[in-house]
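A short worksheet on the structure shown next.
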Amino acid sequence: MIRRTSYGIPHVLAADYRGAGQGLGYAFAQDNACVMAEIVVTLAAERSRWFGPGNVDSDLYYQRLNQSEVVERQLARGPSKQARDLVRGYVAGFNRYLTENGLPAACKTYARPITEIDVWRRVHQVAGLTGSEGFQEQLVSAQPPGSAIVAPARVATERPGSNGIALGRDATVPGTGMVLGNPHFDWDDTWRFYQHHLTIPGELNVSGAGLYGLPLVNIGHNDKLGWTHTASEAQTVTLSKLTLVPGDPTSYVVDGKTHRMIAEQVTAGGTTRTLYRTPDGPVVEDDRALQWTDTSAFVLRDANHGNLQVVDQWLAIARARSVSDLHKALVRHQALPWVNTLASDATGTAYYGDVQVVPHVTDDQRTRCGVSTPIGLVVLDGSRSDCGWGTDPDAVTPGRFGPGRLPHLVRRDHVSNMNDSPWLANPAAPLTGYPSIVGDVGTERSARTRMGLDMIGTNDFTLSTLESSMVGNRNLTAEQGRAAVVTMCQANPTLPATDGQPVDVRTACAALAAWPGTGDTGENSRGAYFWRSFLVLTGRPGTRLWQVPFDPADPVHTPRGINAHDPGVQRAFADSVRMFAAAGVAVDVPLDAVQQYEGIPIHGCRGPEGCFNVISVPGPPRPGMTPEIPHGSSFVMAVELTKNGPRMSSMLIYGQSADPASPHHTDQARLYAKKQWVKGAFTEREIAVNPDLSVRRLR
C-alpha cells in the first residue's frame, strides 16, 4: 500500500521486503520514470544510440564493466535474501507502473521495463561514485605510446559533500538526541535524492531519502535512531606506477619478473577499442601526470569495485535501534563506500564513525612505496609486490583496513563532519592514530567546517533552533573580514589592478557596506555575489589573506581576520570589479539573479566562503552565465529522537520529481525559498490525518 502525504512523499506499508520494494518502485516510476530510463540506458552502455556520439566514452566504460560481469559475479556470492527481495520487488513495482500507464511520452524512444541487473548496476555505480566513476574518460582512453587517442586530463568537478551534525543530550535543551543531515550533491537529474518511508511491521520502519534508483533509505531515521552521512576524506582508490619492459609497453615488471597486461576488446557506441588491465585494475592515463610512456604506466585500483554489499549495509543501519547497534552494523558489514556516519539515538547518545571501505595502505607502506605524482591520490610502486594492499584480520573483505583501525567516537554532547578528516569530529576529543589514507591531523580546517563548529558551540539546541541554524545562511569569511575590506575600499576609492591600472571601486564598496554578510536572497543580498568572486581571487599566489594564520593549537578559530591592507587583497578587489564589468554583470547584482531553480531564487552560498548551507553556483562571473544550480544542498533533514518517537522536519529542495510537468517539481523549492519545512509524518496516525493523504493499494 502506498500512502502519499503532503509534497508527494510516499509511505509504503508492506508485509515483506518484496512488497516494500514493489511499493517504492511503483511510486518512484510515477515521479521519475524517465530519469530511471536514462540511468538504465547509461549503465547498459547505450547512451550513444539515444543521445549522440558524444557519449562514446561513457558507453565504453560501462560496456567494459558489463563484459567483466563483475555485478553478476558478486550477485552469485550473495547479497542477503532481504536485499534481493527488495530489489526484485522494486523492479516489479516500477514495471507494473509502465504496464498500467505505458512508456512516458518524454522518453518513449529509449525507455523500457527494467531488470534486476539494471538496479544492481546502479548500486555498483553509486558505490564507485568517488572512485572509478570519476576516471571514465581516462580509463577508456588509456593506450600504449604512439596511439592517436589522446587521454584527457581530469576536469575538477564538485564532488559529493555534506554537513552532518549529531547532538547528544548534553547539547540539547530537552536532553534528547538530534541529527542534522545536509548532503551536497549534483542537482543533475540522475543524482538526486528521493524521499520515502518504508514500513514492514515488526521488521523495518525507516523514513528518509535515497539516491535515485536505489530501493532504500541512505539518510534518515527510524523510531529510535537518526543518521546522516558526509563524504569522507578517506581515499578509496589508489594508483600503482608500473615499470614497463623496454621495447614492450604492454608488459611490466614485478619483483624482477615480467608480466603481460591483459588486453580487453570493447565495442560500444560504434567504436571498438583495446583496453588494458592488470590483476589489480585497469590502466589509466591522462595527458599530464599519468602519461603512458615507453617506461611507465599507471593502474587504478578501486576498493569499491564489486561492492554490492551496500544494500545490506543500509538495511542494517535502518534496523539499528541505538548508536551501539549502528556501530555493530557498520563493523559487521563494513560496506559503506565513501562516507562518514553521524547519528544520535533516543538515549541522547551521539556517534561519529568513518567505518567504511578503505584500502589497506599503511603509513609505513606510503613511506616505502610512495611515488610522487601531482594528482592528489596515493600512488604506489607497482614494481614491488610488497607495495600492494595488505589486509587486517577483522576486515570483512581482504585488501581493506579492518574496523578496528578506523576512527569512531561516542559522545553525550556533539559530533560533526563537514568533509574534513575525522580529526575534529569533536574538538574536545580529537581523533588521532588512524592511517593517513583516512585523512590528516593537525591541519587547517575548511571555512565551512569552522562555521559548523561555531554554530554548534554557540547553541543549546531545540529542533526549532537546529532548523534555524541550517537556513541562517551565515558566511564566516564575511563575518571575519567584510568590515575590514569595506574600511579599506572606502579609504581607497581607486585601487590598482594586477596590471597596475587604477580601478574605480566605489560602487562595489558601497554594495559590500550595505550587504549584511549572509547568503540570504532578496534586496539585502546585493554584494554577496561580488564577495564570493572577490574571495576566489584572494587565493592567488603571493596574497596573504589572513591576519592571524592557522594555529594547530587553535584550529577552530584560525585562520581569521582578513588582511585588507595586503597588496594582493587589494589587487583582487580591483580585478573583481573589472571582471564583473567584462562579464556585463553589475557588482551589486542580487543573489536572486545568479542562483535559481526553475526561476525560483535559492538562498545559500559556497562552502569556501564559510557557508554551511552550500549552494555551489560557479564564480566568478562570465559572459553568458546562467543562474541554474549545478550542486549543493539537496535533501535536508532535522530530526529529534524523543522517548515518545521521532520528530522530523525536512526539505527536498528540488522536489520529488524531475519532471517539470509534475506538481512536485518545484513545490518544495518554493517552500525552501521561504525557509519553511515539511513536517514529517511517521506514525500511522500522523499519516492518516495528513490533509493531502492519498492511498493506492497494489494487489
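Naming works like this for the C-alpha cells: A, B, ... for the chains as they're shown, residue 1 at the start of each chain, ligands 1 onward in shown order.
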Selection: 8 Å around A:Leu43, only C-alpha atoms, excl. self and same-chain fewer than 5 positions, as an MDAnalysis selection string = chainID A and resid 59 62 118 121:122
Written selection (N, CA and C atoms) as an mmCIF file, in the first residue's frame:
```cif
data_model
loop_
_atom_site.group_PDB
_atom_site.id
_atom_site.type_symbol
_atom_site.label_atom_id
_atom_site.label_comp_id
_atom_site.auth_asym_id
_atom_site.auth_seq_id
_atom_site.Cartn_x
_atom_site.Cartn_y
_atom_site.Cartn_z
ATOM 1 N N ASP A 59 29.892 4.981 -22.807
ATOM 2 C CA ASP A 59 29.484 3.650 -23.260
ATOM 3 C C ASP A 59 30.624 2.648 -23.187
ATOM 4 N N TYR A 62 31.118 1.657 -19.421
ATOM 5 C CA TYR A 62 30.130 0.737 -18.857
ATOM 6 C C TYR A 62 30.091 -0.592 -19.601
ATOM 7 N N ASP A 118 19.749 -4.246 -13.922
ATOM 8 C CA ASP A 118 19.800 -2.787 -14.054
ATOM 9 C C ASP A 118 19.941 -2.118 -12.691
ATOM 10 N N ARG A 121 23.307 -2.842 -11.105
ATOM 11 C CA ARG A 121 24.334 -1.999 -11.744
ATOM 12 C C ARG A 121 24.299 -0.585 -11.171
ATOM 13 N N ARG A 122 23.117 -0.086 -10.889
ATOM 14 C CA ARG A 122 23.015 1.238 -10.269
ATOM 15 C C ARG A 122 23.638 1.215 -8.882
#
```
Would you kindly return, as a list of chain:residue names, each protein, DNA or RNA residue with an atom no farther than 6 Å from any atom of stretch 256-265 of chain A, considering only C-alpha atoms and excluding same-chain residues fewer than 2 positions away?
->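 Residues meeting the cut-off are A:Thr250, A:Ser251, A:Tyr252, A:Val253, A:Val254, A:Arg273, A:Thr274, A:Leu275, A:Tyr276, A:Arg277, A:Thr278.
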Enumerate, as a ChimeraX atom specification, the complete set of residues in stretch 557-614 of chain A that a backbone-based DSSP assignment places in alpha helix (DSSP H).
-> /A:567-583
Selection: 9 Å around A:Tyr90, only C-alpha atoms, excl. self and same-chain fewer than 2 positions, as a VMD selection string | chain A and resid 18 to 26 85 to 88 92 to 95 116 119 214 to 215
Print the selection's residues with N, CA, C and O atoms to a file, as a tab-separated table (two decimals), in the first residue's frame.
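Final output, saved to part_9.tsv:
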```
chain	number	residue	atom	x	y	z
A	18	ARG	N	9.88	-7.76	-0.40
A	18	ARG	CA	9.48	-7.67	-1.81
A	18	ARG	C	8.33	-6.68	-1.97
A	18	ARG	O	8.33	-5.87	-2.91
A	19	GLY	N	7.39	-6.73	-1.06
A	19	GLY	CA	6.27	-5.79	-1.13
A	19	GLY	C	6.72	-4.35	-0.92
A	19	GLY	O	6.23	-3.43	-1.57
A	20	ALA	N	7.68	-4.15	0.01
A	20	ALA	CA	8.19	-2.80	0.24
A	20	ALA	C	8.88	-2.27	-1.01
A	20	ALA	O	8.70	-1.11	-1.41
A	21	GLY	N	9.69	-3.12	-1.63
A	21	GLY	CA	10.34	-2.71	-2.86
A	21	GLY	C	9.35	-2.43	-3.97
A	21	GLY	O	9.51	-1.47	-4.74
A	22	GLN	N	8.30	-3.24	-4.05
A	22	GLN	CA	7.30	-3.04	-5.10
A	22	GLN	C	6.60	-1.69	-4.94
A	22	GLN	O	6.42	-0.95	-5.92
A	23	GLY	N	6.23	-1.36	-3.72
A	23	GLY	CA	5.57	-0.07	-3.50
A	23	GLY	C	6.47	1.10	-3.82
A	23	GLY	O	6.05	2.08	-4.45
A	24	LEU	N	7.74	1.00	-3.42
A	24	LEU	CA	8.68	2.08	-3.70
A	24	LEU	C	8.97	2.20	-5.19
A	24	LEU	O	9.01	3.32	-5.75
A	25	GLY	N	9.14	1.06	-5.87
A	25	GLY	CA	9.40	1.10	-7.31
A	25	GLY	C	8.25	1.71	-8.08
A	25	GLY	O	8.45	2.49	-9.02
A	26	TYR	N	7.02	1.39	-7.67
A	26	TYR	CA	5.85	1.95	-8.33
A	26	TYR	C	5.79	3.46	-8.11
A	26	TYR	O	5.57	4.24	-9.05
A	85	ASP	N	15.17	-9.57	-2.36
A	85	ASP	CA	13.71	-9.39	-2.43
A	85	ASP	C	13.35	-7.92	-2.61
A	85	ASP	O	12.41	-7.59	-3.34
A	86	LEU	N	14.07	-7.05	-1.94
A	86	LEU	CA	13.80	-5.61	-2.06
A	86	LEU	C	14.01	-5.16	-3.51
A	86	LEU	O	13.17	-4.45	-4.07
A	87	VAL	N	15.13	-5.58	-4.10
A	87	VAL	CA	15.41	-5.21	-5.49
A	87	VAL	C	14.39	-5.85	-6.43
A	87	VAL	O	13.88	-5.20	-7.36
A	88	ARG	N	14.08	-7.12	-6.19
A	88	ARG	CA	13.11	-7.81	-7.05
A	88	ARG	C	11.76	-7.11	-7.02
A	88	ARG	O	11.11	-6.91	-8.05
A	92	ALA	N	9.64	-5.06	-10.00
A	92	ALA	CA	8.25	-5.42	-10.31
A	92	ALA	C	7.33	-4.22	-10.19
A	92	ALA	O	6.43	-4.02	-11.03
A	93	GLY	N	7.53	-3.40	-9.16
A	93	GLY	CA	6.68	-2.23	-8.98
A	93	GLY	C	6.89	-1.20	-10.07
A	93	GLY	O	5.93	-0.62	-10.59
A	94	PHE	N	8.15	-0.95	-10.43
A	94	PHE	CA	8.44	0.01	-11.50
A	94	PHE	C	7.80	-0.44	-12.81
A	94	PHE	O	7.15	0.33	-13.50
A	95	ASN	N	7.99	-1.73	-13.13
A	95	ASN	CA	7.46	-2.23	-14.40
A	95	ASN	C	5.94	-2.30	-14.40
A	95	ASN	O	5.31	-2.14	-15.45
A	116	GLU	N	16.41	-6.68	-12.78
A	116	GLU	CA	17.16	-6.67	-11.52
A	116	GLU	C	18.62	-6.30	-11.75
A	116	GLU	O	19.22	-5.57	-10.94
A	119	VAL	N	19.14	-2.58	-11.72
A	119	VAL	CA	19.18	-1.96	-10.39
A	119	VAL	C	20.49	-2.27	-9.69
A	119	VAL	O	21.10	-1.39	-9.05
A	214	LEU	N	17.93	3.63	-6.17
A	214	LEU	CA	18.24	2.73	-5.06
A	214	LEU	C	16.96	2.46	-4.26
A	214	LEU	O	16.28	3.41	-3.87
A	215	PRO	N	16.65	1.21	-3.97
A	215	PRO	CA	15.39	0.89	-3.28
A	215	PRO	C	15.52	0.95	-1.76
A	215	PRO	O	15.04	0.05	-1.05
```
Tell me which protein, DNA and RNA residues are within 9 Å of stretch 142-153 of chain A, counting only C-alpha atoms, leaving out same-chain ones fewer than 6 positions away, and put them as a compact mmCIF listing (two decimals) with all heavy atoms, in the first residue's frame.
```txt
# COMPACT_ATOMS: atom_id res chain seq x y z
N PRO A 249 55.60 -1.84 -24.27
CA PRO A 249 54.84 -1.03 -23.31
C PRO A 249 53.59 -1.71 -22.75
O PRO A 249 52.89 -1.11 -21.94
CB PRO A 249 54.47 0.21 -24.14
CG PRO A 249 54.43 -0.27 -25.55
CD PRO A 249 55.51 -1.31 -25.64
N THR A 250 53.29 -2.94 -23.18
CA THR A 250 52.16 -3.67 -22.58
C THR A 250 52.65 -4.82 -21.69
O THR A 250 51.87 -5.71 -21.34
CB THR A 250 51.21 -4.21 -23.66
OG1 THR A 250 51.91 -5.10 -24.52
CG2 THR A 250 50.61 -3.06 -24.46
N THR A 274 40.86 -1.52 -27.87
CA THR A 274 41.54 -2.48 -27.00
C THR A 274 42.03 -1.74 -25.76
O THR A 274 42.79 -0.76 -25.87
CB THR A 274 42.73 -3.14 -27.72
OG1 THR A 274 42.25 -3.83 -28.88
CG2 THR A 274 43.41 -4.15 -26.79
N LEU A 275 41.57 -2.19 -24.61
CA LEU A 275 41.92 -1.58 -23.34
C LEU A 275 42.74 -2.59 -22.53
O LEU A 275 42.67 -3.80 -22.76
CB LEU A 275 40.66 -1.16 -22.58
CG LEU A 275 39.74 -0.20 -23.34
CD1 LEU A 275 38.46 0.07 -22.54
CD2 LEU A 275 40.45 1.10 -23.67
N TYR A 276 43.47 -2.09 -21.55
CA TYR A 276 44.43 -2.94 -20.85
C TYR A 276 44.22 -2.86 -19.34
O TYR A 276 43.77 -1.85 -18.80
CB TYR A 276 45.86 -2.52 -21.20
CG TYR A 276 46.19 -2.70 -22.67
CD1 TYR A 276 45.89 -1.70 -23.59
CD2 TYR A 276 46.77 -3.87 -23.13
CE1 TYR A 276 46.17 -1.86 -24.94
CE2 TYR A 276 47.05 -4.05 -24.48
CZ TYR A 276 46.75 -3.05 -25.38
OH TYR A 276 47.01 -3.22 -26.70
N PRO A 282 42.41 -1.59 -14.02
CA PRO A 282 42.65 -1.11 -15.38
C PRO A 282 43.76 -0.07 -15.45
O PRO A 282 44.00 0.68 -14.50
CB PRO A 282 41.31 -0.49 -15.76
CG PRO A 282 40.70 -0.07 -14.46
CD PRO A 282 41.15 -1.07 -13.45
N VAL A 283 44.41 0.00 -16.61
CA VAL A 283 45.38 1.05 -16.86
C VAL A 283 44.62 2.36 -17.06
O VAL A 283 43.58 2.40 -17.73
CB VAL A 283 46.23 0.73 -18.10
CG1 VAL A 283 47.22 1.86 -18.39
CG2 VAL A 283 46.98 -0.59 -17.89
N VAL A 284 45.15 3.42 -16.49
CA VAL A 284 44.53 4.74 -16.57
C VAL A 284 45.57 5.73 -17.09
O VAL A 284 46.76 5.59 -16.81
CB VAL A 284 43.98 5.17 -15.18
CG1 VAL A 284 45.11 5.28 -14.15
CG2 VAL A 284 43.20 6.47 -15.25
N GLU A 285 45.10 6.71 -17.85
CA GLU A 285 46.05 7.66 -18.44
C GLU A 285 45.40 9.03 -18.57
O GLU A 285 44.20 9.13 -18.86
CB GLU A 285 46.50 7.19 -19.83
CG GLU A 285 47.54 8.11 -20.47
CD GLU A 285 47.92 7.68 -21.87
OE1 GLU A 285 47.17 6.91 -22.50
OE2 GLU A 285 48.98 8.14 -22.35
N ASP A 286 46.19 10.08 -18.34
CA ASP A 286 45.79 11.42 -18.77
C ASP A 286 46.99 12.07 -19.45
O ASP A 286 48.07 11.47 -19.53
CB ASP A 286 45.23 12.26 -17.63
CG ASP A 286 46.27 12.64 -16.57
OD1 ASP A 286 47.49 12.52 -16.85
OD2 ASP A 286 45.87 13.07 -15.48
N ASP A 287 46.80 13.27 -19.96
CA ASP A 287 47.88 13.89 -20.73
C ASP A 287 48.81 14.73 -19.87
O ASP A 287 49.59 15.52 -20.38
CB ASP A 287 47.31 14.73 -21.87
CG ASP A 287 46.48 15.93 -21.38
OD1 ASP A 287 46.31 16.06 -20.15
OD2 ASP A 287 46.01 16.71 -22.23
N ARG A 288 48.73 14.53 -18.55
CA ARG A 288 49.58 15.30 -17.64
C ARG A 288 50.38 14.37 -16.73
O ARG A 288 51.39 13.82 -17.11
CB ARG A 288 48.72 16.29 -16.84
CG ARG A 288 48.04 17.34 -17.73
CD ARG A 288 47.18 18.29 -16.92
NE ARG A 288 46.42 19.16 -17.81
CZ ARG A 288 45.51 20.04 -17.40
NH1 ARG A 288 45.25 20.16 -16.10
NH2 ARG A 288 44.85 20.79 -18.27
N ALA A 289 49.88 14.15 -15.51
CA ALA A 289 50.67 13.42 -14.52
C ALA A 289 50.68 11.91 -14.75
O ALA A 289 51.57 11.22 -14.26
CB ALA A 289 50.14 13.72 -13.11
N LEU A 290 49.71 11.40 -15.50
CA LEU A 290 49.56 9.94 -15.61
C LEU A 290 49.77 9.47 -17.05
O LEU A 290 49.04 8.62 -17.56
CB LEU A 290 48.17 9.52 -15.13
CG LEU A 290 47.78 9.92 -13.70
CD1 LEU A 290 46.37 9.44 -13.37
CD2 LEU A 290 48.79 9.38 -12.70
N GLN A 291 50.78 9.98 -17.71
CA GLN A 291 51.02 9.59 -19.09
C GLN A 291 51.56 8.17 -19.18
O GLN A 291 52.36 7.73 -18.35
CB GLN A 291 52.01 10.56 -19.74
CG GLN A 291 51.47 11.97 -19.91
CD GLN A 291 52.43 12.86 -20.67
OE1 GLN A 291 53.03 12.45 -21.66
NE2 GLN A 291 52.60 14.08 -20.20
N TRP A 292 51.08 7.46 -20.19
CA TRP A 292 51.59 6.12 -20.51
C TRP A 292 52.77 6.32 -21.46
O TRP A 292 52.61 6.74 -22.61
CB TRP A 292 50.50 5.31 -21.16
CG TRP A 292 50.82 3.84 -21.36
CD1 TRP A 292 52.04 3.24 -21.34
CD2 TRP A 292 49.86 2.81 -21.62
NE1 TRP A 292 51.93 1.91 -21.56
CE2 TRP A 292 50.60 1.60 -21.74
CE3 TRP A 292 48.49 2.78 -21.78
CZ2 TRP A 292 49.98 0.38 -22.00
CZ3 TRP A 292 47.87 1.57 -22.04
CH2 TRP A 292 48.59 0.38 -22.14
N THR A 293 53.97 6.05 -20.98
CA THR A 293 55.19 6.28 -21.75
C THR A 293 55.84 4.94 -22.10
O THR A 293 55.30 3.87 -21.80
CB THR A 293 56.18 7.15 -20.96
OG1 THR A 293 56.69 6.39 -19.86
CG2 THR A 293 55.51 8.42 -20.45
N ASP A 294 57.01 5.00 -22.69
CA ASP A 294 57.75 3.77 -23.00
C ASP A 294 58.26 3.08 -21.75
O ASP A 294 58.61 1.89 -21.80
CB ASP A 294 58.94 4.08 -23.92
CG ASP A 294 58.50 4.51 -25.31
OD1 ASP A 294 57.45 4.02 -25.78
OD2 ASP A 294 59.20 5.35 -25.92
N ALA A 297 53.55 3.19 -16.77
CA ALA A 297 52.10 3.34 -16.93
C ALA A 297 51.49 3.25 -15.54
O ALA A 297 52.15 2.86 -14.57
CB ALA A 297 51.53 2.28 -17.86
```
Looking at only C-alpha atoms, which of A:Glu479, A:Asp312, A:Glu133, A:Asp248 is the one that sits closest to A:Thr236?
->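 Among the listed residues, A:Glu133 lies closest to A:Thr236.
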Hey, what's within 12 Å of A:Gly481 if we count only C-alpha atoms and toss same-chain stuff fewer than 3 positions away? As JSON, numbers by chain, please?
-> {"A": [475, 476, 477, 478, 484, 485, 486, 487, 488, 512, 513, 517, 531, 535, 545, 546, 547, 548, 559, 560, 561, 562, 563, 564, 565, 569, 609, 610]}
Would you kindly return, as a VMD selection string, each protein, DNA or RNA residue with an atom no farther than 9 Å from any atom of stretch 679-691 of chain A, considering only C-alpha atoms and excluding same-chain residues fewer than 4 positions away?
-> chain A and resid 3 to 6 11 197 205 to 207 222 to 223 645 to 650
Running DSSP on the backbone, which parts of stretch 324-355 of chain A land in strand (DSSP E or B), as JSON, numbers by chain?
-> {"A": [339, 340, 341, 342, 343, 344, 345, 350, 351, 352, 353]}
For A:Ala316, find every residue with an atom within 9 Å (counting only C-alpha atoms), except residues of its own chain fewer than 3 positions away, and show them as a CSV table (one decimal) with N, CA and C atoms, in the first residue's frame.
```csv
chain,number,residue,atom,x,y,z
A,311,VAL,N,23.7,-2.5,-0.1
A,311,VAL,CA,22.3,-2.6,0.2
A,311,VAL,C,22.1,-3.2,1.6
A,312,ASP,N,22.7,-4.3,1.9
A,312,ASP,CA,22.6,-4.9,3.2
A,312,ASP,C,23.1,-4.0,4.3
A,313,GLN,N,24.2,-3.2,3.9
A,313,GLN,CA,24.7,-2.2,4.9
A,313,GLN,C,23.6,-1.2,5.3
A,319,ARG,N,17.7,-0.8,10.5
A,319,ARG,CA,17.1,-1.6,11.5
A,319,ARG,C,17.8,-1.4,12.9
A,320,ALA,N,18.8,-0.6,12.9
A,320,ALA,CA,19.5,-0.4,14.2
A,320,ALA,C,18.7,0.4,15.2
A,325,ASP,N,24.0,-0.3,18.3
A,325,ASP,CA,23.5,-1.2,17.2
A,325,ASP,C,24.1,-0.7,15.9
A,326,LEU,N,24.1,0.6,15.7
A,326,LEU,CA,24.6,1.2,14.5
A,326,LEU,C,26.1,0.8,14.3
A,329,ALA,N,26.5,-2.7,13.3
A,329,ALA,CA,26.1,-2.9,11.9
A,329,ALA,C,27.2,-2.5,10.9
A,330,LEU,N,27.9,-1.4,11.2
A,330,LEU,CA,29.0,-0.9,10.4
A,330,LEU,C,30.2,-1.9,10.4
A,333,HIS,N,29.2,-5.3,8.5
A,333,HIS,CA,29.2,-5.3,7.0
A,333,HIS,C,30.4,-4.6,6.4
```
Distance criterion (only C-alpha atoms): nearest to A:Arg571 out of A:Gln595, A:Thr109, A:Thr518, A:Gln501 | A:Gln501
Go through A:Arg154, A:Gln195, A:Glu640, A:Val379 one by one, measure the shortest atom-to-atom distance of each to A:His664 using only C-alpha atoms, and give the residue with the smallest value.
->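 Closest to A:His664, using only C-alpha atoms: A:Gln195.
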For A:Leu431, the nearest of the candidates A:Tyr352, A:Trp50, A:Phe193, A:Phe135, counting only C-alpha atoms |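 The answer is A:Tyr352, which sits nearest to A:Leu431.
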Which is closer to A:Ile615 than all the others in A:Gly52, A:Pro627, A:Pro555, A:Gly89, using only C-alpha atoms?
->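 Between A:Gly52, A:Pro627, A:Pro555, A:Gly89, the residue approaching A:Ile615 most closely is A:Pro627.
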Proximity to A:Gly655 - best of A:Ala209, A:Ala669, A:Ile117, A:Ala350, only C-alpha atoms =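 Smallest separation from A:Gly655 among the options: A:Ala669.
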